[in-house]
$ cat run.tsv   # TSV, C-alpha atoms
chain	number	residue	atom	x	y	z
A	1	MET	CA	9.87	-3.61	27.05
A	2	PHE	CA	10.76	-6.81	25.25
A	3	LYS	CA	11.43	-4.87	22.08
A	4	ASN	CA	13.68	-2.32	23.83
A	5	ASN	CA	15.73	-5.04	25.50
A	6	ASN	CA	16.35	-6.68	22.19
A	7	ASP	CA	17.10	-3.70	20.01
A	8	ASN	CA	20.84	-4.33	20.09
A	9	VAL	CA	20.39	-7.99	19.21
A	10	SER	CA	18.05	-7.17	16.32
A	11	LYS	CA	20.52	-4.60	15.02
A	12	ASN	CA	23.28	-7.19	14.86
A	13	ALA	CA	21.09	-9.98	13.48
A	14	GLU	CA	22.16	-11.69	10.31
A	15	THR	CA	18.94	-13.66	9.92
A	16	ILE	CA	15.46	-12.45	10.84
A	17	ILE	CA	12.49	-14.81	10.64
A	18	GLY	CA	9.50	-12.47	10.70
A	19	PRO	CA	6.05	-13.22	12.24
A	20	SER	CA	4.49	-14.27	8.91
A	21	ILE	CA	7.18	-16.86	8.14
A	22	LYS	CA	7.03	-20.60	8.81
A	23	VAL	CA	10.32	-22.49	8.49
A	24	LYS	CA	10.26	-26.30	8.10
A	25	GLY	CA	13.48	-28.31	8.27
A	26	ASN	CA	16.97	-27.96	9.68
A	27	PHE	CA	17.66	-24.27	10.04
A	28	HIS	CA	21.37	-23.79	10.62
A	29	GLY	CA	22.93	-20.32	10.66
A	30	GLU	CA	26.31	-18.87	11.59
A	31	GLY	CA	25.43	-15.34	12.70
A	32	ASN	CA	22.89	-13.95	15.16
A	33	ILE	CA	19.33	-15.14	14.53
A	34	VAL	CA	16.07	-13.47	15.51
A	35	ILE	CA	12.94	-15.65	15.39
A	36	GLU	CA	9.54	-13.96	15.48
A	37	GLY	CA	7.68	-16.56	13.39
A	38	THR	CA	7.31	-20.36	13.45
A	39	VAL	CA	10.03	-22.99	13.09
A	40	GLU	CA	9.53	-26.77	12.82
A	41	GLY	CA	12.60	-29.02	12.73
A	42	SER	CA	15.85	-27.90	14.30
A	43	VAL	CA	17.59	-24.58	14.96
A	44	LYS	CA	21.34	-24.24	15.27
A	45	THR	CA	23.72	-21.27	15.35
A	46	ASN	CA	27.27	-20.60	16.52
A	47	SER	CA	26.16	-17.18	17.72
A	48	PHE	CA	23.22	-15.56	19.52
A	49	LEU	CA	19.61	-16.67	19.22
A	50	LEU	CA	16.68	-14.44	20.14
A	51	VAL	CA	13.20	-15.98	20.27
A	52	SER	CA	10.58	-13.25	20.55
A	53	GLY	CA	7.38	-13.43	22.63
A	54	LYS	CA	5.12	-14.39	19.71
A	55	ALA	CA	7.44	-17.00	18.17
A	56	LYS	CA	6.52	-20.69	18.16
A	57	ILE	CA	9.23	-23.30	17.84
A	58	LEU	CA	8.68	-27.03	17.44
A	59	ALA	CA	12.33	-27.91	17.30
A	60	ASP	CA	15.49	-28.72	19.20
A	61	ILE	CA	17.67	-25.66	19.65
A	62	LYS	CA	21.44	-25.34	19.81
A	63	ALA	CA	23.17	-21.96	20.15
A	64	LYS	CA	26.10	-20.22	21.79
A	65	ASN	CA	23.93	-17.80	23.80
A	66	ALA	CA	20.16	-17.29	23.74
A	67	LYS	CA	17.34	-15.13	25.02
A	68	ILE	CA	13.93	-16.81	24.90
A	69	GLY	CA	10.54	-15.18	25.21
A	70	GLY	CA	8.40	-17.42	23.01
A	71	GLU	CA	6.96	-20.93	23.04
A	72	ILE	CA	9.32	-23.82	22.53
A	73	ASN	CA	8.48	-27.52	22.20
A	74	GLY	CA	11.88	-29.16	22.10
A	75	ASN	CA	15.19	-29.48	23.90
A	76	ILE	CA	17.50	-26.48	24.30
A	77	LEU	CA	21.29	-26.74	24.41
A	78	ILE	CA	23.14	-23.47	25.05
A	79	GLU	CA	26.90	-23.39	25.34
A	80	GLY	CA	27.02	-20.07	27.24
A	81	TYR	CA	24.26	-17.95	28.76
A	82	LEU	CA	20.55	-18.76	28.44
A	83	GLU	CA	18.11	-16.04	29.49
A	84	ILE	CA	14.48	-17.13	29.83
A	85	LEU	CA	12.03	-14.23	29.86
A	86	SER	CA	8.70	-14.03	31.67
A	87	THR	CA	6.73	-14.62	28.43
A	88	ALA	CA	8.52	-17.90	27.66
A	89	LYS	CA	6.78	-21.29	27.60
A	90	ILE	CA	9.27	-24.12	27.35
A	91	PHE	CA	8.23	-27.78	27.02
A	92	GLY	CA	11.50	-29.68	26.89
A	93	ASP	CA	14.84	-30.16	28.63
A	94	ILE	CA	17.38	-27.38	28.86
A	95	GLU	CA	21.14	-27.52	29.20
A	96	ALA	CA	23.18	-24.34	29.56
A	97	GLY	CA	26.44	-22.93	30.89
A	98	GLN	CA	24.70	-20.11	32.72
A	99	LEU	CA	21.00	-19.60	33.27
A	100	SER	CA	18.49	-16.97	34.38
A	101	ILE	CA	14.72	-17.40	34.53
A	102	GLU	CA	12.38	-14.43	34.88
A	103	LYS	CA	9.29	-14.61	37.12
A	104	GLY	CA	6.27	-15.85	35.15
A	105	ALA	CA	8.15	-18.09	32.73
A	106	ILE	CA	6.83	-21.63	32.24
A	107	LEU	CA	9.40	-24.43	32.17
A	108	ASN	CA	8.33	-28.07	31.93
A	109	GLY	CA	11.42	-30.20	31.59
A	110	LYS	CA	14.75	-31.11	33.11
A	111	CYS	CA	17.37	-28.47	33.68
A	112	LEU	CA	21.05	-29.25	33.54
A	113	MET	CA	24.07	-26.99	33.93
A	114	THR	CA	26.86	-27.91	31.53
A	115	LYS	CA	29.80	-29.54	33.34
A	116	ASN	CA	32.55	-27.76	31.39
A	117	ASN	CA	31.20	-24.39	32.37
A	118	LEU	CA	30.79	-25.37	36.00
A	119	ALA	CA	34.40	-26.50	36.05
A	120	ALA	CA	35.49	-23.26	34.38
A	121	LYS	CA	33.52	-21.23	36.95
A	122	GLU	CA	35.05	-23.13	39.87
A	123	GLU	CA	38.51	-22.59	38.36
A	124	LYS	CA	37.79	-18.86	38.11
A	125	ASP	CA	36.64	-18.76	41.76
A	126	VAL	CA	39.84	-20.51	42.85
A	127	ILE	CA	41.97	-18.00	40.94
A	128	LYS	CA	40.10	-15.11	42.59
B	1	MET	CA	38.60	-0.57	-28.83
B	2	HIS	CA	35.26	0.47	-27.30
B	3	VAL	CA	32.12	-1.25	-28.56
B	4	TYR	CA	28.84	0.61	-28.00
B	5	ILE	CA	25.65	-1.44	-28.02
B	6	TYR	CA	22.58	0.70	-28.66
B	7	ALA	CA	19.17	-0.46	-27.39
B	8	SER	CA	16.52	-0.62	-30.12
B	9	PHE	CA	14.46	2.18	-28.53
B	10	VAL	CA	17.23	4.78	-28.85
B	11	SER	CA	16.68	4.89	-32.65
B	12	ASP	CA	13.34	6.58	-31.87
B	13	ALA	CA	13.29	10.21	-33.07
B	14	LYS	CA	12.76	11.54	-29.54
B	15	PHE	CA	16.22	10.32	-28.55
B	16	SER	CA	18.06	11.58	-31.63
B	17	LYS	CA	19.30	14.76	-29.88
B	18	SER	CA	20.53	12.80	-26.86
B	19	ILE	CA	22.33	10.24	-29.02
B	20	SER	CA	23.89	12.98	-31.11
B	21	LYS	CA	25.19	14.72	-27.94
B	22	ILE	CA	26.54	11.41	-26.59
B	23	GLU	CA	28.37	10.67	-29.84
B	24	THR	CA	29.86	14.17	-29.98
B	25	ARG	CA	31.05	13.95	-26.38
B	26	LEU	CA	32.59	10.51	-26.95
B	27	THR	CA	34.42	11.86	-30.02
B	28	ASP	CA	35.68	14.84	-27.99
B	29	LEU	CA	37.01	12.45	-25.36
B	30	GLY	CA	38.68	10.28	-28.00
B	31	LEU	CA	36.49	7.31	-27.12
B	32	ASN	CA	35.09	6.57	-30.56
B	33	GLY	CA	34.43	2.96	-31.23
B	34	ARG	CA	32.26	0.53	-33.05
B	35	ILE	CA	28.48	1.03	-32.75
B	36	ILE	CA	26.04	-1.88	-32.84
B	37	ARG	CA	22.37	-1.02	-33.12
B	38	LEU	CA	20.10	-3.75	-31.82
B	39	GLY	CA	16.78	-4.58	-33.46
B	40	ILE	CA	13.70	-5.19	-31.32
B	41	ILE	CA	14.15	-8.95	-31.19
B	42	LYS	CA	17.94	-9.16	-31.52
B	43	SER	CA	19.91	-10.48	-28.58
B	44	PRO	CA	23.33	-8.88	-28.17
B	45	HIS	CA	25.05	-12.12	-27.10
B	46	SER	CA	26.48	-13.36	-30.41
B	47	MET	CA	27.50	-9.83	-31.44
B	48	ILE	CA	29.34	-9.23	-28.18
B	49	GLU	CA	31.05	-12.59	-28.56
B	50	ASP	CA	32.22	-11.63	-32.09
B	51	GLU	CA	33.47	-8.23	-30.95
B	52	ILE	CA	35.41	-9.72	-28.05
B	53	LYS	CA	37.03	-12.20	-30.45
B	54	LYS	CA	37.96	-9.26	-32.68
B	55	GLY	CA	39.67	-7.58	-29.73
B	56	ALA	CA	37.09	-5.32	-28.06
B	57	LYS	CA	38.52	-3.91	-24.82
B	58	THR	CA	35.35	-2.31	-23.40
B	59	ILE	CA	31.66	-3.02	-23.95
B	60	VAL	CA	29.29	-0.10	-23.31
B	61	ALA	CA	25.49	-0.40	-23.04
B	62	VAL	CA	23.66	2.65	-24.42
B	63	GLY	CA	20.05	2.38	-23.30
B	64	ASP	CA	18.14	1.16	-20.26
B	65	ASP	CA	18.40	-1.38	-17.43
B	66	TYR	CA	17.05	-4.16	-19.67
B	67	LEU	CA	19.93	-3.76	-22.13
B	68	PHE	CA	22.47	-3.36	-19.32
B	69	ASN	CA	21.25	-6.63	-17.77
B	70	GLN	CA	21.47	-8.42	-21.15
B	71	ILE	CA	25.04	-7.19	-21.66
B	72	ILE	CA	26.16	-8.13	-18.15
B	73	ASP	CA	24.65	-11.59	-18.64
B	74	SER	CA	26.34	-12.02	-22.05
B	75	VAL	CA	29.78	-10.78	-20.93
B	76	ALA	CA	29.63	-13.07	-17.85
B	77	LYS	CA	28.65	-16.07	-20.01
B	78	ILE	CA	31.45	-15.34	-22.47
B	79	SER	CA	34.00	-15.07	-19.67
B	80	SER	CA	32.71	-18.38	-18.22
B	81	SER	CA	33.48	-20.04	-21.56
B	82	GLY	CA	37.07	-18.84	-21.12
B	83	ALA	CA	36.96	-16.53	-24.16
B	84	SER	CA	37.97	-13.49	-22.16
B	85	LYS	CA	37.95	-12.46	-18.52
B	86	ASN	CA	37.23	-9.17	-16.79
B	87	ILE	CA	36.31	-7.17	-19.88
B	88	PRO	CA	35.10	-3.81	-18.53
B	89	VAL	CA	31.42	-3.03	-19.02
B	90	GLY	CA	30.21	0.58	-19.10
B	91	PHE	CA	26.71	2.04	-19.17
B	92	ILE	CA	25.34	5.21	-20.74
B	93	PRO	CA	21.72	5.50	-19.54
B	94	VAL	CA	19.32	6.97	-22.11
B	95	GLY	CA	15.77	8.07	-21.30
B	96	LYS	CA	14.09	8.08	-17.90
B	97	LYS	CA	12.00	4.93	-18.30
B	98	ASN	CA	13.43	1.75	-16.76
B	99	ASN	CA	16.67	3.42	-15.69
B	100	ILE	CA	17.20	2.79	-11.98
B	101	ILE	CA	20.48	0.88	-11.79
B	102	SER	CA	22.66	3.74	-13.06
B	103	ALA	CA	22.00	5.87	-9.97
B	104	TYR	CA	23.39	3.11	-7.71
B	105	LEU	CA	26.56	2.92	-9.77
B	106	GLY	CA	27.11	6.68	-9.59
B	107	LEU	CA	26.38	7.17	-13.30
B	108	LYS	CA	24.85	10.33	-14.67
B	109	HIS	CA	22.44	10.48	-17.55
B	110	GLU	CA	23.18	10.54	-21.25
B	111	GLU	CA	26.17	12.66	-22.38
B	112	GLU	CA	27.29	13.36	-18.79
B	113	SER	CA	28.04	9.66	-18.30
B	114	CYS	CA	30.58	9.78	-21.16
B	115	ASP	CA	33.05	11.40	-18.73
B	116	THR	CA	32.60	8.40	-16.40
B	117	ILE	CA	33.46	6.06	-19.29
B	118	SER	CA	36.55	8.21	-19.90
B	119	ALA	CA	37.61	8.20	-16.21
B	120	ARG	CA	37.39	4.37	-16.28
B	121	ARG	CA	37.03	3.73	-12.55
B	122	LEU	CA	36.73	-0.05	-12.42
B	123	GLN	CA	35.29	-2.27	-9.70
B	124	ILE	CA	34.64	-5.99	-9.77
B	125	PHE	CA	31.16	-7.04	-8.59
B	126	ASP	CA	29.55	-10.37	-7.75
B	127	LEU	CA	26.62	-11.44	-9.88
B	128	GLY	CA	23.55	-13.36	-8.87
B	129	GLN	CA	22.53	-16.24	-11.11
B	130	ILE	CA	18.96	-17.33	-11.63
B	131	ASN	CA	18.77	-20.47	-13.78
B	132	ASP	CA	21.02	-19.44	-16.70
B	133	THR	CA	20.66	-15.66	-16.33
B	134	ARG	CA	23.05	-13.45	-14.34
B	135	PHE	CA	21.90	-10.32	-12.56
B	136	LEU	CA	23.60	-7.40	-10.84
B	137	THR	CA	20.97	-5.93	-8.53
B	138	GLU	CA	17.76	-7.66	-7.41
B	139	ALA	CA	15.29	-10.34	-8.43
B	140	LYS	CA	11.69	-9.95	-7.24
B	141	ILE	CA	8.53	-12.06	-6.98
B	142	SER	CA	5.23	-11.81	-5.10
B	143	THR	CA	4.79	-13.92	-1.94
B	144	LYS	CA	1.47	-15.28	-3.27
B	145	ASN	CA	1.74	-19.08	-3.62
B	146	THR	CA	5.54	-18.88	-3.43
B	147	THR	CA	7.58	-21.45	-1.52
B	148	ILE	CA	11.33	-21.32	-1.07
B	149	GLU	CA	13.75	-24.19	-0.47
B	150	PHE	CA	17.14	-23.33	1.08
B	151	ASP	CA	20.19	-25.46	0.24
B	152	GLU	CA	17.86	-28.52	0.37
B	153	ASN	CA	17.87	-28.16	4.20
B	154	TYR	CA	14.68	-26.29	4.93
B	155	THR	CA	11.72	-24.64	3.26
B	156	ILE	CA	9.82	-21.51	4.14
B	157	GLU	CA	6.15	-20.65	3.73
B	158	ILE	CA	4.90	-17.09	3.81
B	159	ASN	CA	1.49	-16.46	5.32
B	160	ASN	CA	0.76	-12.84	4.37
B	161	PRO	CA	0.76	-10.93	1.07
B	162	GLY	CA	3.88	-9.03	0.12
B	163	PHE	CA	7.02	-9.38	-1.97
B	164	ILE	CA	10.29	-11.28	-2.00
B	165	SER	CA	13.60	-9.76	-3.11
B	166	ILE	CA	16.80	-11.64	-3.81
B	167	ILE	CA	19.47	-9.02	-3.39
B	168	ASN	CA	23.02	-8.66	-4.66
B	169	LEU	CA	23.22	-4.86	-5.01
B	170	PRO	CA	20.17	-3.26	-3.31
B	171	THR	CA	18.38	-0.69	-5.47
B	172	THR	CA	14.61	-0.60	-4.90
B	173	THR	CA	14.53	-2.68	-1.69
B	174	ILE	CA	15.15	-0.97	1.65
B	175	LEU	CA	16.65	-3.48	4.06
B	176	PRO	CA	16.14	-3.30	7.84
B	177	VAL	CA	18.61	-1.05	9.70
B	178	ASN	CA	22.09	-2.55	10.04
B	179	ILE	CA	21.51	-5.32	7.54
B	180	LYS	CA	23.66	-4.60	4.52
B	181	ALA	CA	23.71	-6.46	1.24
B	182	ASN	CA	27.15	-6.15	-0.28
B	183	PRO	CA	27.73	-6.99	-3.97
B	184	LYS	CA	31.28	-8.08	-3.11
B	185	ASP	CA	30.72	-10.48	-0.19
B	186	GLY	CA	30.19	-13.64	-2.24
B	187	ARG	CA	26.62	-14.27	-1.13
B	188	LEU	CA	23.06	-13.08	-1.67
B	189	GLU	CA	20.33	-11.96	0.75
B	190	LEU	CA	16.72	-13.06	0.61
B	191	TYR	CA	14.40	-10.35	1.91
B	192	ILE	CA	10.68	-10.83	2.55
B	193	ASN	CA	8.33	-7.92	3.23
B	194	THR	CA	4.72	-8.68	4.14
B	195	LYS	CA	1.80	-6.66	5.42
B	196	LYS	CA	-0.70	-7.92	7.94
B	197	ASN	CA	-4.13	-6.30	7.92
B	198	ILE	CA	-4.70	-5.37	11.55
B	199	ASN	CA	-7.42	-2.82	10.99
B	200	PHE	CA	-8.82	-1.44	7.75
B	201	LEU	CA	-8.64	2.14	9.01
B	202	LYS	CA	-5.22	1.96	10.65
B	203	ASN	CA	-1.83	1.47	9.07
B	204	ASN	CA	-0.95	-2.10	8.22
B	205	LEU	CA	1.80	-3.78	10.22
B	206	ILE	CA	4.85	-4.44	8.07
B	207	ASP	CA	6.92	-7.47	8.89
B	208	GLN	CA	10.34	-8.17	7.47
B	209	SER	CA	12.53	-11.25	7.21
B	210	VAL	CA	16.10	-11.61	6.01
B	211	PHE	CA	18.02	-14.78	5.16
B	212	PRO	CA	21.57	-14.78	3.81
B	213	PHE	CA	22.06	-17.80	1.52
B	214	ASN	CA	24.23	-19.56	-1.02
B	215	LYS	CA	21.63	-21.50	-2.95
B	216	ILE	CA	17.82	-21.46	-3.04
B	217	LYS	CA	15.01	-22.77	-5.20
B	218	ILE	CA	11.83	-20.74	-5.71
B	219	PHE	CA	8.57	-22.43	-6.66
B	220	ASN	CA	5.50	-20.64	-7.98
B	221	LEU	CA	3.15	-21.97	-10.65
B	222	ASN	CA	1.69	-18.63	-11.69
B	223	GLU	CA	4.16	-15.81	-11.09
B	224	HIS	CA	7.43	-14.91	-12.82
B	225	ILE	CA	10.57	-13.59	-11.14
B	226	VAL	CA	11.60	-10.15	-12.42
B	227	VAL	CA	15.35	-9.71	-12.63
B	228	ASP	CA	17.10	-6.30	-12.54
B	229	GLY	CA	13.66	-4.69	-12.87
B	230	SER	CA	13.25	-5.88	-16.44
B	231	THR	CA	13.85	-9.52	-17.40
B	232	LYS	CA	11.15	-12.12	-16.53
B	233	ILE	CA	12.20	-15.63	-15.48
B	234	LYS	CA	9.86	-18.61	-15.07
B	235	CYS	CA	9.68	-20.72	-11.89
B	236	PRO	CA	10.90	-23.10	-10.61
B	237	ALA	CA	14.12	-21.14	-10.45
B	238	GLN	CA	17.42	-22.00	-8.88
B	239	ILE	CA	19.23	-18.95	-7.51
B	240	GLY	CA	22.76	-18.55	-6.23
B	241	ILE	CA	25.91	-16.52	-6.63
B	242	SER	CA	27.43	-16.81	-10.09
B	243	LYS	CA	30.96	-18.17	-10.54
B	244	GLU	CA	31.66	-15.26	-12.86
B	245	LYS	CA	32.09	-11.69	-11.68
B	246	ILE	CA	31.68	-8.48	-13.67
B	247	ASN	CA	34.14	-5.63	-14.09
B	248	LEU	CA	32.09	-2.42	-14.16
B	249	ILE	CA	32.96	1.19	-14.93
B	250	ILE	CA	31.38	3.19	-12.10
B	251	GLY	CA	31.01	6.82	-11.05
B	252	LYS	CA	32.81	8.84	-8.40
B	253	ASN	CA	32.45	8.19	-4.67
B	254	ILE	CA	30.89	4.77	-5.02
B	255	ASN	CA	32.29	2.28	-2.53
B	256	PHE	CA	30.87	-1.01	-1.35
$ encode --input "run.tsv" --output "C-alpha cells"
Amino acid sequence: MFKNNNDNVSKNAETIIGPSIKVKGNFHGEGNIVIEGTVEGSVKTNSFLLVSGKAKILADIKAKNAKIGGEINGNILIEGYLEILSTAKIFGDIEAGQLSIEKGAILNGKCLMTKNNLAAKEEKDVIK
Amino acid sequence: MHVYIYASFVSDAKFSKSISKIETRLTDLGLNGRIIRLGIIKSPHSMIEDEIKKGAKTIVAVGDDYLFNQIIDSVAKISSSGASKNIPVGFIPVGKKNNIISAYLGLKHEEESCDTISARRLQIFDLGQINDTRFLTEAKISTKNTTIEFDENYTIEINNPGFISIINLPTTTILPVNIKANPKDGRLELYINTKKNINFLKNNLIDQSVFPFNKIKIFNLNEHIVVDGSTKIKCPAQIGISKEKINLIIGKNINF
C-alpha cells in the first residue's frame, strides 16, 4: 500500500537514497527526494520529501512538502503539507503549514502550525 | 581537411578488408584526408594537436571505444588550451569488440558509418571529467570499499555489493523509470545498484540510488574506475562536468 501511494512521487524523484545507502553530512537537494536508507546530519529540499517505512533519519529536516513513513530523530520543518503515515516514528518537534497524522503513527515532540499559513488560511476563509 | 586516426589493432590482417572498404567509400564520398596509424603505445594527443595547428577541420576515430575516448579527451584538452574550439569529431567503429558507444550515437559499423561522416549532423555534448581525463558516456567502479564525498558537504557509504556508475550519456546502465541522464544538461548523475541476498534460492532484491551532482570525490584503495568502458583511472578521483564540450558527428534520429 505504501509503495502504491508513493509511485507518483518516486516517478518524479530527482534523488533516490536506496535502502543500502548511508548518507552522513548536510544533504541539500533542489528536486524531489526519496529516502529509503539512512541519513545522519541534515536534510533540506525546496521540493517534496518522501521518507519510506524502512528509512532511518538522524537529522533535522526542512522541505516544502513531505510524506513520512520512517523513523526520524530530529526536528521537522515543512513549509506546506506534512503527511505522517501510520508506520512513522518521529522523535522531535514538527512545524508545518498543514498536517495529517494517520492512526498508529508515533509522535514524541511538540507540534506547531506555521503562523504564515494559518493567516493565509484565515484570509482564504474570509474571501469565501 | 579530414584527419583519420587509425587504432593500432586495425592494422591486423583480419581487418584489412573492412579498412579497404572504408577507404574506398570515403574516396567515393570525396572525404579523403590524412591518415595517422597509431602504434600500440602511441598516444594520439600530440599528433592531433599538430594536425589541428596545420588546419584539420574534422578528426575521425577509426577503431574502438578506447580510441574514441582518447580522441575526445585530446580534442577537449586542445580546445581548453585555446588552440581551437568545437572541432567536429567523427567515429568509424571497426570490429565488434569494445564497440558500444557507437550504437548510442546512431552510428553504423565500418563502411556504413562513412555516410554519417558525409552527412555531418553535428551536436554539442557535455563531457564528464575524472581527474585530467574527459569522458562522454559512463565511468564505473565496484561498491566494494568505495566511499563517495559530494561537494564536500556529505559522504555516502554503501552497505551491499554492487556497482556505481557516473553517467553523462547512459549506455550500459539502465536508470530507474523516469530518471533521465541527459548529456546536454550540464550535470552528471551518480547511480548505485546493489543486491541484497534475501534468500539463496530466491531472486536477490535489487536496490537503486540516484544522486545528481556537480562535483564528487571517489575513494577506493584497491579498485580502479573504468571510463567509457575502456580507460582505467586510479582513485582517489575527482569527478565533475568538464568546462569543455565536444562537437560530435552523430547518426540520424538521435536527439537528447
$ residues_around --input "run.tsv" --residues "Asn247 in chain B" --least-positions-apart "4" --cutoff "8 Å" --atoms "only C-alpha atoms" --output "PyMOL selection string"
chain B and resi 86-89+122-125
$ atom_distance --input "run.tsv" --atom1 "CA of Ser80 in chain B" --atom2 "CA of Lys53 in chain B"
14.4 Å
$ residues_around --input "run.tsv" --residues "Gly33 in chain B" --least-positions-apart "4" --cutoff "7 Å" --atoms "all atoms listed in the file" --output "list in words"
Met1, His2, Val3 and Tyr4 of chain B
$ interface_residues --input "run.tsv" --of "chain A" --to "chain B" --cutoff "8 Å" --atoms "all atoms listed in the file" --output "compact mmCIF listing (two decimals) with C-alpha atoms, keeping the file's coordinate frame"
# COMPACT_ATOMS: atom_id res chain seq x y z
CA LYS A 11 20.52 -4.60 15.02
CA ASN A 12 23.28 -7.19 14.86
CA ALA A 13 21.09 -9.98 13.48
CA GLU A 14 22.16 -11.69 10.31
CA THR A 15 18.94 -13.66 9.92
CA ILE A 16 15.46 -12.45 10.84
CA ILE A 17 12.49 -14.81 10.64
CA GLY A 18 9.50 -12.47 10.70
CA PRO A 19 6.05 -13.22 12.24
CA SER A 20 4.49 -14.27 8.91
CA ILE A 21 7.18 -16.86 8.14
CA LYS A 22 7.03 -20.60 8.81
CA VAL A 23 10.32 -22.49 8.49
CA LYS A 24 10.26 -26.30 8.10
CA GLY A 25 13.48 -28.31 8.27
CA ASN A 26 16.97 -27.96 9.68
CA PHE A 27 17.66 -24.27 10.04
$ atom_distance --input "run.tsv" --atom1 "CA of Ile167 in chain B" --atom2 "CA of Lys64 in chain A"
28.3 Å
$ residues_around --input "run.tsv" --residues "Ile72 in chain A" --least-positions-apart "6" --cutoff "9 Å" --atoms "all atoms listed in the file" --output "NGL selection string"
:A and (55-60 or 88-92)
$ residues_around --input "run.tsv" --residues "Tyr81 in chain A" --least-positions-apart "3" --cutoff "10 Å" --atoms "all atoms listed in the file" --output "ChimeraX atom specification"
/A:48,63-67,78,84,96-100
$ atom_distance --input "run.tsv" --atom1 "CA of Ser118 in chain B" --atom2 "CA of Glu23 in chain B"
13.1 Å
$ residues_near_point --input "run.tsv" --point "(28.8, -15.8, 12.5)" --cutoff "10 Å" --atoms "all atoms listed in the file" --output "compact mmCIF listing (two decimals) with C-alpha atoms, in the frame of the given file"
# COMPACT_ATOMS: atom_id res chain seq x y z
CA ALA A 13 21.09 -9.98 13.48
CA GLU A 14 22.16 -11.69 10.31
CA GLY A 29 22.93 -20.32 10.66
CA GLU A 30 26.31 -18.87 11.59
CA GLY A 31 25.43 -15.34 12.70
CA ASN A 32 22.89 -13.95 15.16
CA ILE A 33 19.33 -15.14 14.53
CA THR A 45 23.72 -21.27 15.35
CA ASN A 46 27.27 -20.60 16.52
CA SER A 47 26.16 -17.18 17.72
CA PHE A 48 23.22 -15.56 19.52
$ closest_residue --input "run.tsv" --among "B:Ile241, B:Ala103, B:Leu38, B:Ile164" --to "Lys144 in chain B" --atoms "only C-alpha atoms"
B:Ile164
$ residues_around --input "run.tsv" --residues "His28 in chain A" --least-positions-apart "5" --cutoff "8 Å" --atoms "only C-alpha atoms" --output "list in words"
Ser42, Val43, Lys44 and Thr45 of chain A
$ residues_near_point --input "run.tsv" --point "(20.1, -24.8, 33.5)" --cutoff "12 Å" --atoms "all atoms listed in the file" --output "ChimeraX atom specification"
/A:75-84,92-101,107,109-115,117-118
$ closest_residue --input "run.tsv" --among "B:Ile78, B:Ile48, B:Ala237, B:Lys252" --to "Lys108 in chain B" --atoms "all atoms listed in the file"
B:Lys252
$ decode --input "run.tsv" --residues "range 76-110 of chain A" --atoms "C-alpha atoms" --output "PDB file, in the first residue's frame"
ATOM      1  CA  ILE A  76      10.919  18.646  11.038  1.00  0.00           C
ATOM      2  CA  LEU A  77      10.102  21.961   9.371  1.00  0.00           C
ATOM      3  CA  ILE A  78       7.671  21.777   6.443  1.00  0.00           C
ATOM      4  CA  GLU A  79       6.547  24.894   4.635  1.00  0.00           C
ATOM      5  CA  GLY A  80       3.395  23.309   3.164  1.00  0.00           C
ATOM      6  CA  TYR A  81       1.738  19.954   3.797  1.00  0.00           C
ATOM      7  CA  LEU A  82       3.198  17.270   6.080  1.00  0.00           C
ATOM      8  CA  GLU A  83       1.617  13.820   5.890  1.00  0.00           C
ATOM      9  CA  ILE A  84       2.613  11.406   8.652  1.00  0.00           C
ATOM     10  CA  LEU A  85       1.835   7.775   7.836  1.00  0.00           C
ATOM     11  CA  SER A  86       0.912   5.001  10.271  1.00  0.00           C
ATOM     12  CA  THR A  87       4.425   3.460  10.069  1.00  0.00           C
ATOM     13  CA  ALA A  88       6.156   6.695  11.116  1.00  0.00           C
ATOM     14  CA  LYS A  89       8.117   7.083  14.363  1.00  0.00           C
ATOM     15  CA  ILE A  90       9.050  10.690  14.998  1.00  0.00           C
ATOM     16  CA  PHE A  91      11.199  11.789  17.951  1.00  0.00           C
ATOM     17  CA  GLY A  92      11.440  15.545  17.593  1.00  0.00           C
ATOM     18  CA  ASP A  93       9.405  18.713  17.127  1.00  0.00           C
ATOM     19  CA  ILE A  94       7.398  19.346  13.989  1.00  0.00           C
ATOM     20  CA  GLU A  95       6.332  22.587  12.375  1.00  0.00           C
ATOM     21  CA  ALA A  96       4.148  22.581   9.275  1.00  0.00           C
ATOM     22  CA  GLY A  97       1.637  24.635   7.291  1.00  0.00           C
ATOM     23  CA  GLN A  98      -0.827  21.762   7.073  1.00  0.00           C
ATOM     24  CA  LEU A  99      -0.707  18.424   8.839  1.00  0.00           C
ATOM     25  CA  SER A 100      -2.293  14.977   8.781  1.00  0.00           C
ATOM     26  CA  ILE A 101      -1.393  12.070  11.055  1.00  0.00           C
ATOM     27  CA  GLU A 102      -2.502   8.513  10.291  1.00  0.00           C
ATOM     28  CA  LYS A 103      -3.677   6.178  13.083  1.00  0.00           C
ATOM     29  CA  GLY A 104      -0.746   4.199  14.501  1.00  0.00           C
ATOM     30  CA  ALA A 105       1.933   6.826  13.948  1.00  0.00           C
ATOM     31  CA  ILE A 106       4.236   7.622  16.877  1.00  0.00           C
ATOM     32  CA  LEU A 107       4.980  11.281  17.540  1.00  0.00           C
ATOM     33  CA  ASN A 108       7.058  12.365  20.541  1.00  0.00           C
ATOM     34  CA  GLY A 109       7.618  16.076  20.332  1.00  0.00           C
ATOM     35  CA  LYS A 110       5.969  19.465  20.063  1.00  0.00           C
TER      36      LYS A 110
END
